[in-house]
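start.pdb (PDB, C-alpha atoms, pLDDT in the B column) appears below.
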ATOM      1  CA  MET K 260       0.000   0.000   0.000  1.00 55.00           C
ATOM      2  CA  ARG K 261       1.197   3.502  -0.756  1.00 59.00           C
ATOM      3  CA  GLU K 262       2.320   5.995   1.847  1.00 66.00           C
ATOM      4  CA  LEU K 263      -0.706   8.017   2.914  1.00 61.00           C
ATOM      5  CA  PRO K 264      -0.836  11.794   2.438  1.00 60.00           C
ATOM      6  CA  LYS K 265      -0.858  13.936   5.564  1.00 65.00           C
ATOM      7  CA  ASP K 266      -4.525  14.896   5.083  1.00 68.00           C
ATOM      8  CA  ILE K 267      -5.700  11.262   5.404  1.00 74.00           C
ATOM      9  CA  ASP K 268      -7.175  10.472   8.792  1.00 82.00           C
ATOM     10  CA  ALA K 269      -5.485   7.445  10.384  1.00 85.00           C
ATOM     11  CA  ASP K 270      -8.713   6.590  12.230  1.00 89.00           C
ATOM     12  CA  VAL K 271     -10.464   6.197   8.870  1.00 91.00           C
ATOM     13  CA  VAL K 272      -7.755   3.823   7.623  1.00 90.00           C
ATOM     14  CA  ILE K 273      -7.986   1.766  10.820  1.00 91.00           C
ATOM     15  CA  GLU K 274     -11.792   1.575  10.630  1.00 94.00           C
ATOM     16  CA  ILE K 275     -11.702   0.530   6.962  1.00 94.00           C
ATOM     17  CA  SER K 276      -9.159  -2.138   7.860  1.00 93.00           C
ATOM     18  CA  HIS K 277     -11.397  -3.505  10.631  1.00 92.00           C
ATOM     19  CA  LEU K 278     -14.459  -3.551   8.374  1.00 92.00           C
ATOM     20  CA  LEU K 279     -12.588  -5.261   5.533  1.00 92.00           C
ATOM     21  CA  ASP K 280     -11.115  -7.844   7.893  1.00 89.00           C
ATOM     22  CA  ASP K 281     -14.620  -8.625   9.170  1.00 84.00           C
ATOM     23  CA  SER K 282     -16.153  -8.962   5.684  1.00 78.00           C
ATOM     24  CA  PRO K 283     -16.663 -12.448   4.235  1.00 76.00           C
ATOM     25  CA  LEU K 284     -14.157 -13.371   1.534  1.00 72.00           C
ATOM     26  CA  PHE K 285     -16.700 -14.539  -1.026  1.00 73.00           C
ATOM     27  CA  VAL K 286     -19.082 -11.582  -0.836  1.00 78.00           C
ATOM     28  CA  PRO K 287     -18.151  -8.429  -2.762  1.00 84.00           C
ATOM     29  CA  VAL K 288     -17.253  -5.404  -0.657  1.00 87.00           C
ATOM     30  CA  ARG K 289     -19.967  -2.830  -1.271  1.00 87.00           C
ATOM     31  CA  VAL K 290     -17.797   0.264  -1.587  1.00 89.00           C
ATOM     32  CA  HIS K 291     -20.456   2.967  -1.177  1.00 88.00           C
ATOM     33  CA  GLU K 292     -22.143   1.172   1.728  1.00 88.00           C
ATOM     34  CA  LEU K 293     -18.820   0.615   3.497  1.00 92.00           C
ATOM     35  CA  ALA K 294     -17.935   4.308   3.093  1.00 92.00           C
ATOM     36  CA  ALA K 295     -21.251   5.239   4.720  1.00 91.00           C
ATOM     37  CA  ARG K 296     -20.502   2.888   7.633  1.00 92.00           C
ATOM     38  CA  VAL K 297     -17.044   4.442   8.059  1.00 94.00           C
ATOM     39  CA  ARG K 298     -18.573   7.919   8.094  1.00 92.00           C
ATOM     40  CA  GLN K 299     -21.035   6.824  10.820  1.00 93.00           C
ATOM     41  CA  LYS K 300     -18.294   5.376  13.036  1.00 92.00           C
ATOM     42  CA  VAL K 301     -15.495   7.917  12.539  1.00 92.00           C
ATOM     43  CA  LYS K 302     -15.744  11.685  12.599  1.00 90.00           C
ATOM     44  CA  THR K 303     -13.653  12.944   9.705  1.00 88.00           C
ATOM     45  CA  GLY K 304     -13.440  15.829   7.296  1.00 87.00           C
ATOM     46  CA  LEU K 305     -12.517  13.549   4.402  1.00 88.00           C
ATOM     47  CA  PRO K 306     -14.861  13.683   1.417  1.00 88.00           C
ATOM     48  CA  ASP K 307     -16.698  10.530   0.333  1.00 87.00           C
ATOM     49  CA  LEU K 308     -14.435  10.242  -2.716  1.00 87.00           C
ATOM     50  CA  SER K 309     -11.305   9.975  -0.540  1.00 88.00           C
ATOM     51  CA  ILE K 310     -12.895   7.391   1.752  1.00 91.00           C
ATOM     52  CA  GLU K 311     -14.062   5.307  -1.205  1.00 90.00           C
ATOM     53  CA  GLU K 312     -10.649   5.508  -2.881  1.00 90.00           C
ATOM     54  CA  LEU K 313      -9.064   4.199   0.324  1.00 91.00           C
ATOM     55  CA  ILE K 314     -11.602   1.367   0.483  1.00 93.00           C
ATOM     56  CA  VAL K 315     -10.901   0.391  -3.129  1.00 92.00           C
ATOM     57  CA  GLU K 316      -7.151   0.498  -2.584  1.00 91.00           C
ATOM     58  CA  MET K 317      -7.259  -1.466   0.663  1.00 91.00           C
ATOM     59  CA  ALA K 318      -9.713  -4.045  -0.725  1.00 92.00           C
ATOM     60  CA  SER K 319      -7.507  -4.456  -3.810  1.00 91.00           C
ATOM     61  CA  VAL K 320      -4.473  -5.208  -1.684  1.00 90.00           C
ATOM     62  CA  ARG K 321      -6.510  -7.902   0.086  1.00 89.00           C
ATOM     63  CA  ARG K 322      -7.749  -9.179  -3.310  1.00 88.00           C
ATOM     64  CA  LEU K 323     -11.367  -8.774  -2.268  1.00 88.00           C
ATOM     65  CA  ALA K 324     -14.140  -8.528  -4.832  1.00 86.00           C
ATOM     66  CA  MET K 325     -15.872  -5.147  -4.897  1.00 88.00           C
ATOM     67  CA  ALA K 326     -19.305  -3.910  -5.905  1.00 84.00           C
ATOM     68  CA  PHE K 327     -19.842  -0.318  -6.946  1.00 80.00           C
ATOM     69  CA  ASP K 328     -23.535  -0.121  -6.146  1.00 71.00           C
ATOM     70  CA  LEU K 329     -24.407   3.506  -5.669  1.00 63.00           C
ATOM     71  CA  PRO K 330     -27.866   4.826  -4.903  1.00 62.00           C
ATOM     72  CA  GLY K 331     -29.054   7.149  -7.634  1.00 59.00           C
ATOM     73  CA  SER K 332     -27.210   7.786 -10.848  1.00 55.00           C
ATOM     74  CA  GLU K 333     -24.137   9.710  -9.681  1.00 59.00           C
ATOM     75  CA  ASN K 334     -20.930   7.700  -9.266  1.00 55.00           C
ATOM     76  CA  VAL K 335     -18.661   8.842  -6.459  1.00 54.00           C
ATOM     77  CA  VAL K 336     -15.824   6.530  -7.457  1.00 56.00           C
ATOM     78  CA  GLN K 337     -15.215   6.748 -11.182  1.00 55.00           C
ATOM     79  CA  ILE K 338     -14.791   3.347 -12.795  1.00 53.00           C
ATOM     80  CA  PRO K 339     -12.481   3.586 -15.817  1.00 55.00           C
ATOM     81  CA  VAL K 340     -14.038   2.642 -19.129  1.00 56.00           C
ATOM     82  CA  ARG K 341     -12.148  -0.089 -20.915  1.00 56.00           C
ATOM     83  CA  HIS K 342     -12.036   0.456 -24.661  1.00 60.00           C
ATOM     84  CA  PRO K 343     -11.390  -2.522 -26.945  1.00 62.00           C
ATOM     85  CA  ARG K 344      -8.163  -2.386 -28.861  1.00 63.00           C
ATOM     86  CA  PRO K 345      -8.511  -1.886 -32.620  1.00 63.00           C
TER      87      PRO K 345
END
Translate this file's structure into structure tokens.
Amino acid sequence: MRELPKDIDADVVIEISHLLDDSPLFVPVRVHELAARVRQKVKTGLPDLSIEELIVEMASVRRLAMAFDLPGSENVVQIPVRHPRP
């Protein structure tokens, strides 16, 4: 995992780690839902985008499947579009 910038709250990283460790291995991590749970448990000034990016990064390191199921039509975490090669 990369070195965290100074504006990242260590309590958020610790809470994400606990929640990921407690999640079942065969169920996808619901990124938006997990970010909402982190925000409920930890008081932080981090925007949702930063929390979700940390979740994605930390879940990737653990090789956990992820689901990007957001309520409404606005994506908080942008999923890159894969274009087929010509």
Quick one: which residues end up in the PyMOL selection byres ((chain K and resi 316-322) around 12) for this structure, as a PyMOL selection string? chain K and resi 260-263+271-290+293+309-315+323-326+336
For CA of Val297 in chain K and CA of Ile267 in chain K, quote the distance in Å rounded to one decimal.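 Answer for the CA of Val297 in chain K to CA of Ile267 in chain K separation: 13.5 Å.
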Taking the file as I've supplied it (selection: the PyMOL selection byres ((chain K and resi 304) around 12)), which residues are included? Please answer as a PDB file with C-alpha atoms, keeping the file's coordinate frame.
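Everything below was put into result12.pdb:
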ATOM      1  CA  ASP K 266      -4.525  14.896   5.083  1.00 68.00           C
ATOM      2  CA  ILE K 267      -5.700  11.262   5.404  1.00 74.00           C
ATOM      3  CA  ASP K 268      -7.175  10.472   8.792  1.00 82.00           C
ATOM      4  CA  ALA K 269      -5.485   7.445  10.384  1.00 85.00           C
ATOM      5  CA  ASP K 270      -8.713   6.590  12.230  1.00 89.00           C
ATOM      6  CA  VAL K 271     -10.464   6.197   8.870  1.00 91.00           C
ATOM      7  CA  VAL K 297     -17.044   4.442   8.059  1.00 94.00           C
ATOM      8  CA  ARG K 298     -18.573   7.919   8.094  1.00 92.00           C
ATOM      9  CA  VAL K 301     -15.495   7.917  12.539  1.00 92.00           C
ATOM     10  CA  LYS K 302     -15.744  11.685  12.599  1.00 90.00           C
ATOM     11  CA  THR K 303     -13.653  12.944   9.705  1.00 88.00           C
ATOM     12  CA  LEU K 305     -12.517  13.549   4.402  1.00 88.00           C
ATOM     13  CA  PRO K 306     -14.861  13.683   1.417  1.00 88.00           C
ATOM     14  CA  ASP K 307     -16.698  10.530   0.333  1.00 87.00           C
ATOM     15  CA  LEU K 308     -14.435  10.242  -2.716  1.00 87.00           C
ATOM     16  CA  SER K 309     -11.305   9.975  -0.540  1.00 88.00           C
ATOM     17  CA  ILE K 310     -12.895   7.391   1.752  1.00 91.00           C
TER      18      ILE K 310
END
